[in-house]
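Trainee: A single structure is presented below for examination.
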Amino acid sequence: MGMFSITEVATPNGIVQLREDPFTGFRCRISPDRSKRHNYHQTYIPPPPEDCPFCRDRIFTVTPPFPDGTRIIRGDSVTFPNMFPFGQGHVVTVLTREHFVEMFTKQQIVDGLLSQAEALGRYDGYPSINWNFLPSAGASLVHPHMQGLCDSQPSRIAGQYLTVSREYRNSYGRCYWDVLKEEEKKSDRYLSGEEIVWAANAVPVGEREIRGYLPITTLDELEPYADLLAMGILDVISLYRKLGTYAFNMAIFFDHPGNDNGFNAFCSLISRINPNPSSTSDSAFMERLHMEPVIMTLPEELGNLYRKEK
């Protein structure tokens with residue numbers, strides 16, 4: 001069985017590809033002609049508000065500390081619990097002192113990744129390191145920050161890959177991720193890397209999805225690869241900017257410590273439309289990369305509100 005399938009459908013305006021990953025069941029539609037309608041307008045960066053909680057003059061008074069009264073400080077980064085969590089463990093790492101930077105340094109990304117790993121190590125579960133960059137990618141604040149999640153159950157996309165990893169090894173006697181990396185390195189989708197293989201995902205979950213496949217399984221194995229991973233992330237961000245887009249989402253998925261699923265950690269990035277003065281997206285890393293929407297309104301409350309307004 002191939003790693004993915006393509007079915008081409010003719011339309012009046014060109015060919016549409018229906019792609020499917022037979023192992024996960026994930027599908028997408030690729031319509032190259034739709035790119036002709038897009039004009040990647042100049043990126044609009046909102047001016048910094050006077051009350052940004054992540055700027056240095058407020059971060060240590062507005063943000064909460066961990067239960068022991070501390071925050072994690074590494075380089076320019078500051079890490080603390082999320083004030084409005086949507087997971088059992090939900091942490092934030094503010095990456096820079098500056099409210100906005102044109103380009104990140106490798107050390108800023110490394111400090112962010114390692115701070116996330118340290119903070120998430122305080123929780124028991126399935127961790128992920130995530131990033132919404134700019135409002136059109138779902139960032140509530142322009143000030144650059146990563147978000148770490150750790151729950152007792154994996155999110156939908158992670159859970160699907162954990163299942164595939166087990167089933168593939170049981171059926172074929174090989175590691176799914178080894179086979180996938182071999183295939184990607186021989187394809188036109190391959191970008192770079194040996195220890196961490198970077199390639200455009202054959203069945204993308206978002207525009208210009210690029211994945212970095214790590215040779216590790218759990219979060220506690222990340223540190224030796226943090227520099228290499230940071231360089232790869234910066235390489236992808238640079239590519240997006242050369243192609244005219246600044247906003248992006250990122251998620252890095254890990255297995256639970258002690259598991260033996262044949263799973264490999266991987267980093268996924270997708271580009272998003274550039275922010276403009278009239279739009280902010282409510283679709284962020286959870287919706288786009290974990291395939292689990294974060295909802296603010298209880299359905300029961302919505303029923304009550306409807307009856308109240310009648």
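By order in the structure tokens, chains are A, B, ...; within a chain, residues start at 1; ligands start at 1, following the order shown.
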Set the distance at 10 Å and use only C-alpha atoms: which residues neighbour Thr163 (chain A) once local chain neighbours fewer than 6 positions away are removed? I'd like the list as a ChimeraX atom specification.

Mentor: /A:23-24,261-263

Trainee: Name the residues of region 48-197 of chain A that come out as strand (DSSP E) in a backbone DSSP run; write them as a ChimeraX atom specification.

Mentor: /A:72-74,77-81,89-94,126-133,145-151,190-192,197

Trainee: Hey, could you make a per-residue contact list for region 201-271 of chain A against region 155-161 of chain A with 9 Å as the cut-off, showing the nearest pair of atoms and its distance in Å to one decimal, counting only C-alpha atoms, sorted by chain and number, as CSV?

Mentor:
```
residue,atom,partner,partner_atom,distance
A:Phe253,CA,A:Ala158,CA,6.6
A:Phe254,CA,A:Ala158,CA,7.9
A:Asp255,CA,A:Ala158,CA,8.3
A:Phe263,CA,A:Tyr161,CA,7.4
```

Trainee: Please produce an output containing C-alpha atoms for each residue in the selection, written as a compact mmCIF listing (two decimals), in the first residue's frame.

Mentor:
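Saved file again-v4.txt follows:
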```
# COMPACT_ATOMS: atom_id res chain seq x y z
CA PHE A 253 3.52 16.33 18.86
CA PHE A 254 5.02 13.84 21.34
CA ASP A 255 4.02 10.47 22.81
CA PHE A 263 5.63 6.78 17.20
```

Trainee: Let me make sure I understand: among A:Ser165, A:Thr105, A:Asn249, A:Ser171, which one has the smallest atom-to-atom distance to Gly138 (chain A) if we use only C-alpha atoms?

Mentor: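 Between A:Ser165, A:Thr105, A:Asn249, A:Ser171, the residue approaching Gly138 (chain A) most closely is A:Asn249.
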
Trainee: For a test of reading the model, state the distance in Å between CA of His145 (chain A) and CA of Ile45 (chain A), rounded to one decimal.

Mentor: 15.5 Å

Trainee: Which residues of region 88-166 of chain A come within 7 Å of region 52-63 of chain A, and what is each one's closest atom pair and distance in Å (one decimal), counting only C-alpha atoms, sorted by chain and residue number, as JSON lines?

Mentor:
```
{"residue": "A:Val94", "atom": "CA", "partner": "A:Phe54", "partner_atom": "CA", "distance": 6.6}
{"residue": "A:Arg97", "atom": "CA", "partner": "A:Arg56", "partner_atom": "CA", "distance": 6.1}
{"residue": "A:His99", "atom": "CA", "partner": "A:Cys55", "partner_atom": "CA", "distance": 6.3}
{"residue": "A:His143", "atom": "CA", "partner": "A:Phe54", "partner_atom": "CA", "distance": 6.5}
```

Trainee: Work out how far apart CA of Pro12 (chain A) and CA of Pro204 (chain A) are and give it in Å to one decimal.

Mentor: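 Distance between the two atoms: 24.1 Å.
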
Trainee: At a cut-off of 12 Å, using only C-alpha atoms, what residues contact Val179 (chain A)? Leave out same-chain residues fewer than 4 positions from it and give the result as a VMD selection string.

Mentor: chain A and resid 1 to 3 165 168 to 169 172 to 175 183 to 186 213 262 264

Trainee: Determine, counting only C-alpha atoms, which protein, DNA and RNA residues have an atom within 6 Å of an atom of region 74-85 of chain A; residues of the same chain fewer than 4 positions away are not included. Present the result as a tab-separated table (two decimals) with C-alpha atoms, in the first residue's frame.

Mentor:
```
chain	number	residue	atom	x	y	z
A	65	PRO	CA	3.38	32.19	38.28
A	90	HIS	CA	-1.51	24.76	29.43
A	91	VAL	CA	1.58	26.97	29.53
A	92	VAL	CA	2.76	30.08	27.66
A	93	THR	CA	6.29	31.03	26.67
A	94	VAL	CA	6.79	34.67	25.64
A	95	LEU	CA	9.73	34.50	23.23
A	96	THR	CA	11.03	38.06	22.97
A	111	ASP	CA	14.99	29.00	24.49
```

Trainee: Write out as a VMD selection string all residues of region 3-211 of chain A that backbone DSSP assigns to alpha helix (DSSP H).

Mentor: chain A and resid 59 to 62 106 to 120 156 to 172 176 to 185

Trainee: Limited to N, CA and C atoms, could you put the picked residues into a file as a tab-separated table (two decimals), in the first residue's frame?

Mentor:
```
chain	number	residue	atom	x	y	z
A	59	ILE	N	4.84	41.98	32.32
A	59	ILE	CA	4.75	40.52	32.31
A	59	ILE	C	4.89	39.90	33.69
A	60	PHE	N	5.70	40.49	34.57
A	60	PHE	CA	5.93	39.89	35.88
A	60	PHE	C	4.88	40.29	36.92
A	61	THR	N	3.99	41.19	36.54
A	61	THR	CA	2.92	41.57	37.46
A	61	THR	C	1.55	41.12	36.98
A	62	VAL	N	1.38	40.97	35.67
A	62	VAL	CA	0.07	40.62	35.11
A	62	VAL	C	-0.09	39.11	34.93
A	106	LYS	N	17.97	32.02	16.20
A	106	LYS	CA	17.92	30.60	16.56
A	106	LYS	C	17.82	30.44	18.07
A	107	GLN	N	18.56	31.26	18.81
A	107	GLN	CA	18.55	31.11	20.27
A	107	GLN	C	17.19	31.41	20.86
A	108	GLN	N	16.48	32.37	20.29
A	108	GLN	CA	15.13	32.66	20.79
A	108	GLN	C	14.21	31.45	20.63
A	109	ILE	N	14.32	30.76	19.50
A	109	ILE	CA	13.49	29.57	19.27
A	109	ILE	C	13.93	28.44	20.19
A	110	VAL	N	15.24	28.24	20.33
A	110	VAL	CA	15.75	27.20	21.23
A	110	VAL	C	15.29	27.45	22.66
A	111	ASP	N	15.42	28.68	23.12
A	111	ASP	CA	14.99	29.00	24.49
A	111	ASP	C	13.50	28.73	24.66
A	112	GLY	N	12.72	29.06	23.64
A	112	GLY	CA	11.29	28.80	23.71
A	112	GLY	C	10.97	27.32	23.78
A	113	LEU	N	11.62	26.53	22.94
A	113	LEU	CA	11.37	25.09	22.92
A	113	LEU	C	11.76	24.44	24.24
A	114	LEU	N	12.94	24.80	24.75
A	114	LEU	CA	13.41	24.17	26.00
A	114	LEU	C	12.61	24.64	27.20
A	115	SER	N	12.15	25.88	27.19
A	115	SER	CA	11.30	26.36	28.28
A	115	SER	C	9.96	25.64	28.26
A	116	GLN	N	9.41	25.45	27.08
A	116	GLN	CA	8.18	24.69	26.95
A	116	GLN	C	8.36	23.27	27.47
A	117	ALA	N	9.48	22.64	27.09
A	117	ALA	CA	9.74	21.27	27.54
A	117	ALA	C	9.84	21.21	29.06
A	118	GLU	N	10.52	22.18	29.66
A	118	GLU	CA	10.65	22.19	31.12
A	118	GLU	C	9.31	22.37	31.80
A	119	ALA	N	8.49	23.28	31.27
A	119	ALA	CA	7.19	23.53	31.88
A	119	ALA	C	6.25	22.35	31.71
A	120	LEU	N	6.21	21.78	30.50
A	120	LEU	CA	5.30	20.66	30.25
A	120	LEU	C	5.73	19.40	30.99
A	156	ARG	N	-6.88	14.80	18.58
A	156	ARG	CA	-7.34	13.90	17.51
A	156	ARG	C	-6.22	13.49	16.56
A	157	ILE	N	-5.47	14.47	16.06
A	157	ILE	CA	-4.47	14.13	15.05
A	157	ILE	C	-3.34	13.30	15.66
A	158	ALA	N	-2.94	13.63	16.88
A	158	ALA	CA	-1.88	12.86	17.55
A	158	ALA	C	-2.37	11.44	17.82
A	159	GLY	N	-3.60	11.32	18.30
A	159	GLY	CA	-4.14	10.00	18.58
A	159	GLY	C	-4.22	9.13	17.33
A	160	GLN	N	-4.56	9.74	16.20
A	160	GLN	CA	-4.63	8.99	14.95
A	160	GLN	C	-3.26	8.46	14.56
A	161	TYR	N	-2.24	9.28	14.70
A	161	TYR	CA	-0.89	8.84	14.34
A	161	TYR	C	-0.33	7.82	15.33
A	162	LEU	N	-0.71	7.92	16.58
A	162	LEU	CA	-0.30	6.90	17.55
A	162	LEU	C	-0.90	5.55	17.18
A	163	THR	N	-2.16	5.55	16.77
A	163	THR	CA	-2.82	4.31	16.35
A	163	THR	C	-2.16	3.74	15.10
A	164	VAL	N	-1.91	4.60	14.13
A	164	VAL	CA	-1.27	4.17	12.88
A	164	VAL	C	0.11	3.58	13.16
A	165	SER	N	0.86	4.21	14.05
A	165	SER	CA	2.21	3.73	14.36
A	165	SER	C	2.17	2.30	14.88
A	166	ARG	N	1.25	2.03	15.80
A	166	ARG	CA	1.12	0.67	16.36
A	166	ARG	C	0.68	-0.32	15.29
A	167	GLU	N	-0.37	0.04	14.53
A	167	GLU	CA	-0.94	-0.88	13.55
A	167	GLU	C	0.03	-1.16	12.42
A	168	TYR	N	0.77	-0.16	11.98
A	168	TYR	CA	1.72	-0.35	10.88
A	168	TYR	C	2.84	-1.31	11.30
A	169	ARG	N	3.36	-1.10	12.51
A	169	ARG	CA	4.43	-1.98	12.99
A	169	ARG	C	3.92	-3.42	13.14
A	170	ASN	N	2.70	-3.58	13.64
A	170	ASN	CA	2.13	-4.93	13.80
A	170	ASN	C	1.88	-5.60	12.45
A	171	SER	N	1.48	-4.82	11.44
A	171	SER	CA	1.12	-5.38	10.14
A	171	SER	C	2.33	-5.62	9.24
A	172	TYR	N	3.31	-4.70	9.29
A	172	TYR	CA	4.41	-4.74	8.34
A	172	TYR	C	5.77	-5.02	8.98
A	176	TYR	N	6.51	2.91	10.86
A	176	TYR	CA	5.81	3.75	9.90
A	176	TYR	C	6.63	4.98	9.55
A	177	TRP	N	7.24	5.60	10.55
A	177	TRP	CA	7.95	6.86	10.34
A	177	TRP	C	9.24	6.66	9.56
A	178	ASP	N	9.90	5.52	9.74
A	178	ASP	CA	11.10	5.22	8.94
A	178	ASP	C	10.74	5.10	7.47
A	179	VAL	N	9.65	4.39	7.20
A	179	VAL	CA	9.21	4.21	5.82
A	179	VAL	C	8.80	5.56	5.22
A	180	LEU	N	8.06	6.34	6.00
A	180	LEU	CA	7.60	7.65	5.52
A	180	LEU	C	8.78	8.55	5.18
A	181	LYS	N	9.78	8.59	6.05
A	181	LYS	CA	10.94	9.44	5.79
A	181	LYS	C	11.72	8.97	4.56
A	182	GLU	N	11.82	7.66	4.38
A	182	GLU	CA	12.49	7.14	3.17
A	182	GLU	C	11.76	7.59	1.92
A	183	GLU	N	10.43	7.51	1.95
A	183	GLU	CA	9.64	7.91	0.79
A	183	GLU	C	9.76	9.41	0.54
A	184	GLU	N	9.69	10.20	1.60
A	184	GLU	CA	9.74	11.65	1.43
A	184	GLU	C	11.10	12.10	0.89
A	185	LYS	N	12.18	11.48	1.32
A	185	LYS	CA	13.51	11.88	0.87
A	185	LYS	C	13.72	11.60	-0.61
```

Trainee: Figure out the distance between CA of Asn130 (chain A) and CA of Gly148 (chain A), please, to one decimal in Å.

Mentor: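 Computing the Euclidean distance for CA of Gly148 (chain A) and CA of Asn130 (chain A) yields 5.9 Å.
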
Trainee: Which residue is closest to Thr7 (chain A)? Choose from A:Met231, A:Leu289, A:Ile30, A:Ile210 and count only C-alpha atoms.

Mentor: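 Answer, going by the shortest atom-to-atom distance: A:Ile30.
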
Trainee: Taking into account only C-alpha atoms, which residue in the set A:Pro127, A:Glu20, A:Gln153, A:Gly212 is nearest to Leu191 (chain A)?

Mentor: A:Gly212

Trainee: List the spatial neighbours of Arg288 (chain A) as a list in words - criterion: any atom at most 9 Å away, only C-alpha atoms, same-chain residues fewer than 5 positions off excluded.

Mentor: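 Contacts, with the query itself left out: Val205, Gly206, Asn249, Ile270, Ser283 and Pro293 of chain A.
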
Trainee: What's the 12 Å shell around Ser5 (chain A), counting only C-alpha atoms, without same-chain residues fewer than 5 positions away, as a list in words?

Mentor: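 Answer for this query is Gln17, Leu18, Arg19, Glu20, Asp21, Pro22, Phe23, Gly25, Phe26, Arg27, Cys28, Arg29, Ala202 and Val203 of chain A.
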
Trainee: For each of A:Pro32, A:Pro46, A:Pro154, A:Pro257, take the minimum atom-to-atom distance to Ile15 (chain A), counting only C-alpha atoms, then give the residue where this is smallest.

Mentor: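 Checking each of A:Pro32, A:Pro46, A:Pro154, A:Pro257 against Ile15 (chain A), counting only C-alpha atoms, the winner is A:Pro32.
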
Trainee: Give me the residues within 10 Å of Arg272 (chain A) as a PDB file with C-alpha atoms, in the first residue's frame, counting only C-alpha atoms and dropping any in the same chain fewer than 3 places off.

Mentor:
```
ATOM      1  CA  ASN A 132       0.070  30.948  16.603  1.00  0.00           C
ATOM      2  CA  PHE A 133       1.932  33.820  14.956  1.00  0.00           C
ATOM      3  CA  LEU A 134      -0.056  36.991  14.180  1.00  0.00           C
ATOM      4  CA  PRO A 135      -3.819  37.597  14.524  1.00  0.00           C
ATOM      5  CA  SER A 136      -4.771  35.990  11.197  1.00  0.00           C
ATOM      6  CA  ALA A 137      -3.330  32.724  12.557  1.00  0.00           C
ATOM      7  CA  GLY A 138      -5.444  32.974  15.717  1.00  0.00           C
ATOM      8  CA  GLY A 206      -3.309  23.505   5.711  1.00  0.00           C
ATOM      9  CA  GLU A 207      -1.733  25.763   3.115  1.00  0.00           C
ATOM     10  CA  ARG A 208       1.955  24.998   2.463  1.00  0.00           C
ATOM     11  CA  TYR A 240       6.977  31.404   3.930  1.00  0.00           C
ATOM     12  CA  THR A 245       3.109  35.129   3.878  1.00  0.00           C
ATOM     13  CA  TYR A 246       4.078  36.059   7.437  1.00  0.00           C
ATOM     14  CA  ALA A 247       1.433  34.420   9.637  1.00  0.00           C
ATOM     15  CA  PHE A 248       1.679  30.734  10.525  1.00  0.00           C
ATOM     16  CA  ASN A 249       0.659  27.992  12.935  1.00  0.00           C
ATOM     17  CA  LEU A 269       3.830  24.254  10.186  1.00  0.00           C
ATOM     18  CA  PRO A 275      -3.173  39.892   8.817  1.00  0.00           C
ATOM     19  CA  SER A 281      -9.066  34.641  12.869  1.00  0.00           C
ATOM     20  CA  ALA A 284      -5.713  28.643  15.571  1.00  0.00           C
TER      21      ALA A 284
END
```
